[in-house]
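Notes for the one structure printed next.
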There are 6 protein chains.
Amino acid sequence: MKKVVTFGEVMLRLSPPGFARLVQTTTLDVNFGGGEANVAAGLAYLGVPAQHVTRFPDNDWGYAAAAAYRRYGVDTSRIVFGGDRIGTYYIEQGSMMRASKVLYDRFDSAFAHLIPAEFDWEEILNGAGWFHWTGITPAISEPAAEACLQAIQTANRLGVTVSADVNYRRNLWRWGKTVQEVMPELVAGCDVVVCGKGDAEDIFGIVPDKSLVKSSFVSSAQQVMERFPRIKKVLTTKRGSVSASHNTLSATLYDGTHHLKTITHEMVPMVDRIGGGDAFMAGFIYGTQAYGDDQQALDFAVAASALKHSIEGDFNLVSIAEIETVMKGDASGKLSR
Amino acid sequence: MKKVVTFGEVMLRLSPPGFARLVQTTTLDVNFGGGEANVAAGLAYLGVPAQHVTRFPDNDWGYAAAAAYRRYGVDTSRIVFGGDRIGTYYIEQGSMMRASKVLYDRFDSAFAHLIPAEFDWEEILNGAGWFHWTGITPAISEPAAEACLQAIQTANRLGVTVSADVNYRRNLWRWGKTVQEVMPELVAGCDVVVCGKGDAEDIFGIVPDKSLVKSSFVSSAQQVMERFPRIKKVLTTKRGSVSASHNTLSATLYDGTHHLKTITHEMVPMVDRIGGGDAFMAGFIYGTQAYGDDQQALDFAVAASALKHSIEGDFNLVSIAEIETVMKGDASGKLSR
Amino acid sequence: MKKVVTFGEVMLRLSPPGFARLVQTTTLDVNFGGGEANVAAGLAYLGVPAQHVTRFPDNDWGYAAAAAYRRYGVDTSRIVFGGDRIGTYYIEQGSMMRASKVLYDRFDSAFAHLIPAEFDWEEILNGAGWFHWTGITPAISEPAAEACLQAIQTANRLGVTVSADVNYRRNLWRWGKTVQEVMPELVAGCDVVVCGKGDAEDIFGIVPDKSLVKSSFVSSAQQVMERFPRIKKVLTTKRGSVSASHNTLSATLYDGTHHLKTITHEMVPMVDRIGGGDAFMAGFIYGTQAYGDDQQALDFAVAASALKHSIEGDFNLVSIAEIETVMKGDASGKLSR
Amino acid sequence: MKKVVTFGEVMLRLSPPGFARLVQTTTLDVNFGGGEANVAAGLAYLGVPAQHVTRFPDNDWGYAAAAAYRRYGVDTSRIVFGGDRIGTYYIEQGSMMRASKVLYDRFDSAFAHLIPAEFDWEEILNGAGWFHWTGITPAISEPAAEACLQAIQTANRLGVTVSADVNYRRNLWRWGKTVQEVMPELVAGCDVVVCGKGDAEDIFGIVPDKSLVKSSFVSSAQQVMERFPRIKKVLTTKRGSVSASHNTLSATLYDGTHHLKTITHEMVPMVDRIGGGDAFMAGFIYGTQAYGDDQQALDFAVAASALKHSIEGDFNLVSIAEIETVMKGDASGKLSR
Amino acid sequence: MKKVVTFGEVMLRLSPPGFARLVQTTTLDVNFGGGEANVAAGLAYLGVPAQHVTRFPDNDWGYAAAAAYRRYGVDTSRIVFGGDRIGTYYIEQGSMMRASKVLYDRFDSAFAHLIPAEFDWEEILNGAGWFHWTGITPAISEPAAEACLQAIQTANRLGVTVSADVNYRRNLWRWGKTVQEVMPELVAGCDVVVCGKGDAEDIFGIVPDKSLVKSSFVSSAQQVMERFPRIKKVLTTKRGSVSASHNTLSATLYDGTHHLKTITHEMVPMVDRIGGGDAFMAGFIYGTQAYGDDQQALDFAVAASALKHSIEGDFNLVSIAEIETVMKGDASGKLSR
Amino acid sequence: MKKVVTFGEVMLRLSPPGFARLVQTTTLDVNFGGGEANVAAGLAYLGVPAQHVTRFPDNDWGYAAAAAYRRYGVDTSRIVFGGDRIGTYYIEQGSMMRASKVLYDRFDSAFAHLIPAEFDWEEILNGAGWFHWTGITPAISEPAAEACLQAIQTANRLGVTVSADVNYRRNLWRWGKTVQEVMPELVAGCDVVVCGKGDAEDIFGIVPDKSLVKSSFVSSAQQVMERFPRIKKVLTTKRGSVSASHNTLSATLYDGTHHLKTITHEMVPMVDRIGGGDAFMAGFIYGTQAYGDDQQALDFAVAASALKHSIEGDFNLVSIAEIETVMKGDASGKLSR
């Protein structure tokens with residue numbers, strides 16, 4: 001496969017061990033994570049050439065963050081070093097009815113203060129087959145939004161497939177413009193989007209019309225595709241939440257004609273739910289190219305995502321064989337010797 | 001709210017990490033716990049002024065124990081230092097059908113050898129709104145029982161509400177008198193008691209008479225209230241045990257007229273079940289004052305107790321908002337960002 | 001009870017903490033395990049005199065391995081020291097649909113290169129009541145198979161009961177002869193065998209004939225007993241795999257006349273599933289002698305095995321009282337104070 | 001003794017275990033520290049009533065920080081909650097010739113954005129005997145400098161002794177004014193200052209005149225006292241650095257007439273050197289009141305500081321008896337049973 | 001060599017990791033230790049048959065304690081199980097001038113309440129070559145002193161060599177009789193004693209007479225040997241304390257004629273100083289039999305003791321080869337591949 | 001600088017935490033190391049393009065090993081995957097007079113069974129400036145020696161500088177030929193060699209002739225250079241061993257004319273001494289190109305090596321600035337803020 005390029009912020013992720021709360025913990029486990037970079041890590045682990053583009057502070061945390069992705073085979077050679085600090089987030093793992101809880105400390109990060117000219121997208125995307133971004137990037141700062149737009153436009157010009165997880169985060173978007181003002185121009189350059197009904201309504205004001213189509217997801221996706229004619233596939237996952245320890249997961253896709261669905265995976269007891277959506281995206285990028293079949297790609301993607309919930313940290317460290325076992329419906333987890 | 005005062009022994013709690021057994025472990029996690037002090041910690045974490053009164057050895061473990069409660073905002077200024085040792089207990093966490101197991105080493109503790117005159121209850125209870133004790137305190141030693149009685153009588157004189165968790169522990173009560181001889185005088189000074197059917201029978205010889213009332217709990221509670229006319233509310237929790245990892249929890253209350261019940265909470269997989277009853281009591285003391293409604297207080301108390309089973313250590317480190325979410329029936333544990 | 005002697009390889013077992021994968025872990029927990037030695041450890045923990053015979057390298061890992069068994073009361077005085085290395089295996093703990101995964105590095109171990117003459121079976125088995133081996137031992141190397149045969153023949157001569165878990169492992173058996181060539185002579189000396197339908201077919205080519213008996217296990221067991229007339233009992237466990245975190249377990253036994261079965265135990269969430277079969281065998285050896293009744297022995301054995309899944313490491317560190325509680329159908333795991 | 005009040009920022013301190021570097025660590029130990037708050041903690045541990053005043057974010061890290069000080073008896077009742085984030089610093093422990101390394105991430109902290117009116121100094125300092133601040137506080141932000149000035153002026157008005165560790169940090173002071181512009185007015189309100197020659201030159205442009213006095217420290221101190229007539233004592237510590245593992249420490253004081261010195265303590269191998277200066281200050285505040293003798297106070301202070309280097313974390317958790325042993329010249333560290 | 005039997009209390013030893021203090025630690029490392037049992041462990045590790053006799057509570061800590069010694073080859077078959085609790089001690093590791101600190105919680109232990117008749121010394125000492133006890137045993141309780149006397153008298157009758165480390169601990173001896181009343185009868189049965197000048201004066205009132213012999217140790221030892229004519233060798237170690245991290249160690253012996261000395265070992269940085277004296281005793285018992293030469297035995301013993309200070313826990317886990325390297329004066333610690 | 005290529009085995013390195021011994025440890029820290037690969041890691045950390053060539057098993061340990069080097073920027077794209085196992089070594093950290101101890105389990109590794117044709121040296125060395133190997137590689141197996149020779153010959157043909165650390169390990173060289181038979185042909189292709197007197201004598205039978213030159217190192221180096229005329233520089237380090245915790249280090253170089261020496265560095269207390277020689281080599285390769293001056297290169301190299309002893313694991317994670325500070329004689333380790 002051709003190189004996949006991702007662009008977005010990476011944060012230092014600090015989490016108490018086990019089920020401890022921040023207020024009581026005496027140690028924190030160190031990981032790194034970012035919605036787009038996790039896609040790169042997931043793809044690299046599957047053997048796909050993947051490159052992540054971001055900006056890190058020129059200090060030990062910047063080097064450690066790059067090292068964390070390079071370790072799993074992500075090409076980090078285009079990362080820019082500059083700025084003061086790395087965005088940080090803290091996560092407590094919940095259990096039973098107690099929710100996991102994320103506390104962000106990400107403002108004024110090296111990424112937020114990037115300079116668009118630091119990234120030469122012609123050169124970066126040269127030879128790439130796919131470019132992926134998420135709705136978190138333009139939410140962070142004006143230059144981040146600007147650089148993202150330049151990347152998308154360059155990808156379009158070079159014939160590189162563009163995907164996005166539109167992912168609206170209410171507590172970001174503090175830099176002056178609203179999500180509604182910024183996103184349309186960016187999404188217009190996409191070929192594939194992860195966009196559920198809620199995000200479509202929040203970002204684009206699209207409301208499903210159940211009088212026309214039975215499935216509200218299909219109704220929403222149809223309107224998204226009408227508004228943004230470049231988009232060929234709209235997909236999303238559906239998470240059920242029995243408790244903080246027990247979720248269910250399925251996925252669905254609309255391609256303008258067909259409405260595909262997957263089985264529902266039971267995830268209990270979950271080990272780490274962060275990065276599940278990113279694992280889904282990595283799985284779909286891999287699957288769509290490996291199988292040349294949307295149903296299989298979707299089945300692979302959701303199986304990959306389900307498995308991610310059994311892995312500590314943000315990255316989906318599972319093999320193709322392990323994903324295919326689950327994709328084929330075997331969730332028995334029988335000991336492998 | 002006015003200050004809540006609790007009185008009772010605090011033990012050093014040592015537990016192997018994970019699911020290890022004492023016989024195989026190479027490290028022990030350090031916590032402190034005591035049925036009454038845990039109520040104070042739970043209340044302080046909810047923002048209620050709370051003070052714990054006890055006796056600690058004048059050594060590093062005594063200081064560490066006081067520090068552990070002070071850390072979460074409990075007023076430790078009335079703790080007496082003296083005596084030789086801190087009572088200690090070891091707890092192994094069970095799983096599946098293997099029970100958690102507690103091993104006590106609590107005899108001859110600083111608390112057991114307290115001198116009643118060390119506590120000036122007039123001064124301690126001055127300005128307080130609530131005094132809480134449990135049936136473990138009089139079980140420990142004669143002076144402990146004596147000090148408890150003085151506290152209750154002072155509280156009655158000062159118009160401070162008195163609550164007790166009667167909590168009969170068969171393997172204590174070695175100091176000469178029986179539970180049946182000692183408890184009635186103490187319970188007579190209570191306004192609110194946690195007292196299930198089993199405890200009512202063991203301690204007071206009260207047997208439910210199902211010919212009169214359908215609910216054996218109500219029958220038992222009625223007789224308790226007849227015997228001790230000061231008591232206005234009898235309440236108790238009901239724990240179902242599917243396995244060491246999976247319990248259920250509900251609560252019930254009788255106020256002489258109404259029989260209130262809560263929903264049943266599923267608790268799986270439990271993180272730490274020690275302190276569940278104390279969290280219930282703290283929740284009820286808070287709820288009864290915050291809501292001025294017994295049903296809401298009971299719902300809050302049992303939700304608080306259920307959540308405690310997701311928290312490591314003896315203290316219920318959950319917020320009012322987290323408890324109210326569960327109290328309203330949302331057990332989905334959805335990620336909070 | 002008389003001494004039980006076991007013979008087989010012990011490996012250094014290294015496992016990442018929690019649910020980490022090998023590729024990401026920074027520490028490994030150290031344990032030791034071997035199918036036969038685990039039976040000895042399980043028996044010693046129940047108070048039965050047990051001795052394990054093996055060969056360890058004359059280095060720190062050899063001493064540490066012997067120490068690990070001696071710690072729990074296994075007689076290690078007959079262990080031979082020689083050779084270069086200890087066999088090693090790595091195990092990742094799975095969760096949900098992700099399987100636990102074992103990676104072996106066991107070739108050319110001290111045990112594989114044992115010299116049969118190093119073991120004086122007359123002396124070792126003198127005074128013993130039971131000898132236990134598994135199908136892993138002859139699979140390792142020619143001298144291991146040879147020593148195993150000598151042990152069995154000596155046991156037969158001395159009137160010592162012989163049991164085997166036939167346990168066919170496809171990825172062993174690399175030393176020149178096939179399992180089909182080697183096992184019959186060894187099994188012929190057994191009084192009790194753990195041998196499910198699958199193993200019977202793989203090793204002896206025995207196919208259940210459902211036209212004769214309804215139970216395919218009984219059909220298989222009957223044929224095994226016809227082929228090897230010394231065998232008086234054939235037994236096996238049945239494991240259901242809901243997920244890597246949730247298994248079920250029951251057992252069955254055929255004695256030539258009766259077909260005994262146990263209840264099915266739910267095991268969720270499992271702590272460590274390695275050594276479950278060995279705990280079953282230890283439980284049966286104990287139970288058959290303690291109760292003098294096959295149904296009780298089988299119930300005890302499967303309860304012991306189920307409980308093992310709650311214990312970290314290879315050894316079944318549970319008491320007779322804990323097993324008997326489960327054996328009697330109480331899986332509630334109620335807190336033991 | 002009367003209450004000692006301290007004012008300044010507290011940071012979340014995250015450090016890799018052992019001698020690991022940030023770039024390689026997988027866990028971080030959690031502590032909290034701040035130059036002024038550490039003085040309060042040190043005093044509280046010695047039994048002196050101590051209160052710390054600061055501003056924390058209204059989130060879990062703010063609560064955890066307050067809890068960390070309350071744990072050791074510091075009065076945290078006047079801490080203000082508001083703002084976005086807690087300042088954070090990372091520290092790697094060096095060894096041999098490799099220096100320990102601090103990485104700050106403290107800008108835009110809750111403290112930096114404090115509002116002077118949030119602190120009612122009349123009320124806070126009511127009944128206090130001593131107020132302590134450091135040169136880090138005015139370096140952080142304009143409102144921090146302003147609040148500090150108000151505190152000093154109030155203390156002067158109320159007759160509360162004021163001490164300062166002038167502590168010039170080149171990489172702070174980014175808010176608009178220079179150290180030279182701001183500090184004189186603050187120092188003018190001090191009774192006691194820790195101010196070595198270097199700081200005197202950097203902050204006040206004072207250059208020792210060795211033609212007048214032999215000791216350049218005395219020359220510097222004389223000039224400081226001339227410029228700021230309220231100051232009655234100038235003191236400082238002298239650290240020798242054999243290696244990152246081995247330092248030496250002594251102290252000196254000038255009171256306008258006498259030049260006092262202490263013995264030099266050998267500190268090897270050091271456990272944690274952060275907080276050494278704060279332990280010195282706490283020791284001096286205690287000693288000056290306990291002994292009523294500057295030489296003894298200085299000896300106590302430097303012994304306390306030396307001992308701090310053996311304690312993990314920012315706080316000096318040593319007893320008066322332990323300090324007095326070292327103060328009297330016994331550095332043998334003989335086992336205490 | 002013939003079996004060495006030791007008799008005395010074993011305690012649960014709990015210690016904070018690294019240099020943490022009890023008041024701040026969140027975990028404790030679990031070890032077991034006892035002055036006499038440590039001698040047995042040290043000997044067993046050198047390959048000498050060694051048996052420890054004691055009394056443990058019949059609970060998990062009793063089993064774990066026995067397991068800890070059995071692990072290293074100590075024969076635990078004569079340990080009696082009974083009584084309520086295991087004695088416990090807590091140890092903080094000091095550094096630099098901060099002393100390590102031990103906190104005991106050992107009263108009313110299973111050992112203190114032993115019943116002399118539980119030990120059949122005829123049978124235990126049958127076939128033994130050496131019996132070792134220390135002055136801690138008779139200090140614990142009257143029955144402990146009584147059992148110790150019976151053991152010594154039986155050993156004398158059976159011709160078993162008896163050694164003692166007289167080891168006077170001021171804060172024990174609370175059971176009614178003084179050390180001066182009890183020890184003479186016990187020491188009278190000894191062949192070898194570890195007894196420095198201080199202990200000789202404290203226990204026997206023996207004051208060195210420097211007018212007669214230059215060495216005060218020799219003078220003291222001569223008087224000890226006159227008083228107790230069975231004693232053939234008096235020996236002791238001399239510890240210098242540069243700091244809590246740096247000690248020196250040498251030893252000396254008087255046999256009635258010769259005064260032997262060893263070189264002085266530098267011990268820096270020490271890892272764990274508990275058990276140093278026990279390692280010395282084990283080394284001397286081994287050396288005296290292995291070399292048949294007191295100078296070599298003494299050199300071996302002090303080298304063994306010095307090496308113990310590099311080993312975590314109470315037991316001296318070093319090989320004969322490692323000890324002999326140091327004994328020959330090679331303290332270079334060159335990497336061994 | 002041009003790419004540096006290294007070739008050799010990488011082993012899984014497992015070590016007990018702290019100062020624990022293998023026989024007592026319950027966890028092992030995971031690192032990877034190899035004499036040549038560590039040079040690549042050290043160079044990559046300094047910013048020099050570095051590539052390591054080796055053969056790993058096609059399993060999780062092979063992937064983890066590659067990831068460990070990739071993490072720090074080493075190009076791992078030419079690593080071959082095949083064979084059964086990764087070589088493993090265990091290391092105990094010594095202290096005081098107790099030596100650190102290495103236990104190898106490296107036979108039959110994936111590297112030992114490499115196939116020379118798997119490595120296309122023309123392609124690998126294309127564009128490289130330097131090739132480095134050590135005497136461990138040809139000691140492992142015949143194909144390893146053969147591949148090494150092909151690499152050297154290709155490097156010579158392509159004009160790539162070749163360096164070697166001749167490093168004779170007595171307990172390797174088991175594959176049939178002796179070090180004396182194999183090494184001359186390999187060393188003949190070198191431009192720079194690390195070769196002390198001992199190695200020169202063991203491998204080449206070269207004995208210093210002190211009648212000709214005062215320095216025995218120079219005499220040895222002269223003879224080495226006469227025998228192998230391609231060699232332009234012979235260098236070596238000199239380690240003094242005060243104890244396992246305290247070493248000294250200096251270096252010396254002979255270039256045919258000049259005899260250069262460095263200062264001696266004190267290393268106490270050492271954190272981890274593995275990889276010190278590799279850090280020296282990396283430092284020299286960097287320094288010789290960065291400074292163009294052998295004295296500076298040597299000073300840099302030995303400073304880098306000294307600093308390595310403060311870093312956990314095999315890799316020298318120190319910056320150029322940190323090395324240059326030490327290189328200039330500043331060993332004070334002053335806190336860097």
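Naming works like this for the structure tokens: A, B, ... for the chains as they're shown, residue 1 at the start of each chain, ligands 1 onward in shown order.
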Using only C-alpha atoms, I'd like a table of the residues in chain A that come within 8 Å of chain F; for each, show the closest atom pair and its distance in Å rounded to one decimal, ordered by chain and ascending number, as JSON lines.
```
{"residue": "A:Ala67", "atom": "CA", "partner": "F:Arg71", "partner_atom": "CA", "distance": 4.6}
{"residue": "A:Ala68", "atom": "CA", "partner": "F:Arg71", "partner_atom": "CA", "distance": 6.4}
{"residue": "A:Tyr69", "atom": "CA", "partner": "F:Arg71", "partner_atom": "CA", "distance": 7.6}
{"residue": "A:Arg70", "atom": "CA", "partner": "F:Arg71", "partner_atom": "CA", "distance": 5.2}
{"residue": "A:Arg71", "atom": "CA", "partner": "F:Arg71", "partner_atom": "CA", "distance": 4.0}
{"residue": "A:Tyr72", "atom": "CA", "partner": "F:Ala67", "partner_atom": "CA", "distance": 6.1}
{"residue": "A:Gly73", "atom": "CA", "partner": "F:Arg70", "partner_atom": "CA", "distance": 7.4}
```
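DSSP annotation of region 142-211 of chain F from backbone atoms: strand (DSSP E) residues are Thr161, Val162, Ser163, Ala164, Asp165, Val192, Val193 and Val194 of chain F.
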Could you tell me, as a VMD selection string, which residues of region 110-322 of chain E DSSP assigns to alpha helix (DSSP H) when given the backbone?
chain E and resid 121 to 125 136 to 140 142 to 158 179 to 187 197 to 204 216 to 227 276 to 291 294 to 308 320 to 322
Excluding same-chain residues fewer than 5 positions from Thr262 (chain D), what lies within 6 Å of it counting only C-alpha atoms, as an MDAnalysis selection string?
chainID D and resid 250:251 299
Which residues come within 12 Å of region 166-174 of chain D, counting only C-alpha atoms, excluding same-chain residues fewer than 3 positions away, as a PyMOL selection string?
(chain D and resi 35-36+103-108+112+132-142+144-145+163+177-184+186-188+190+192-204+224+234-237+277-278+281) or (chain F and resi 337)
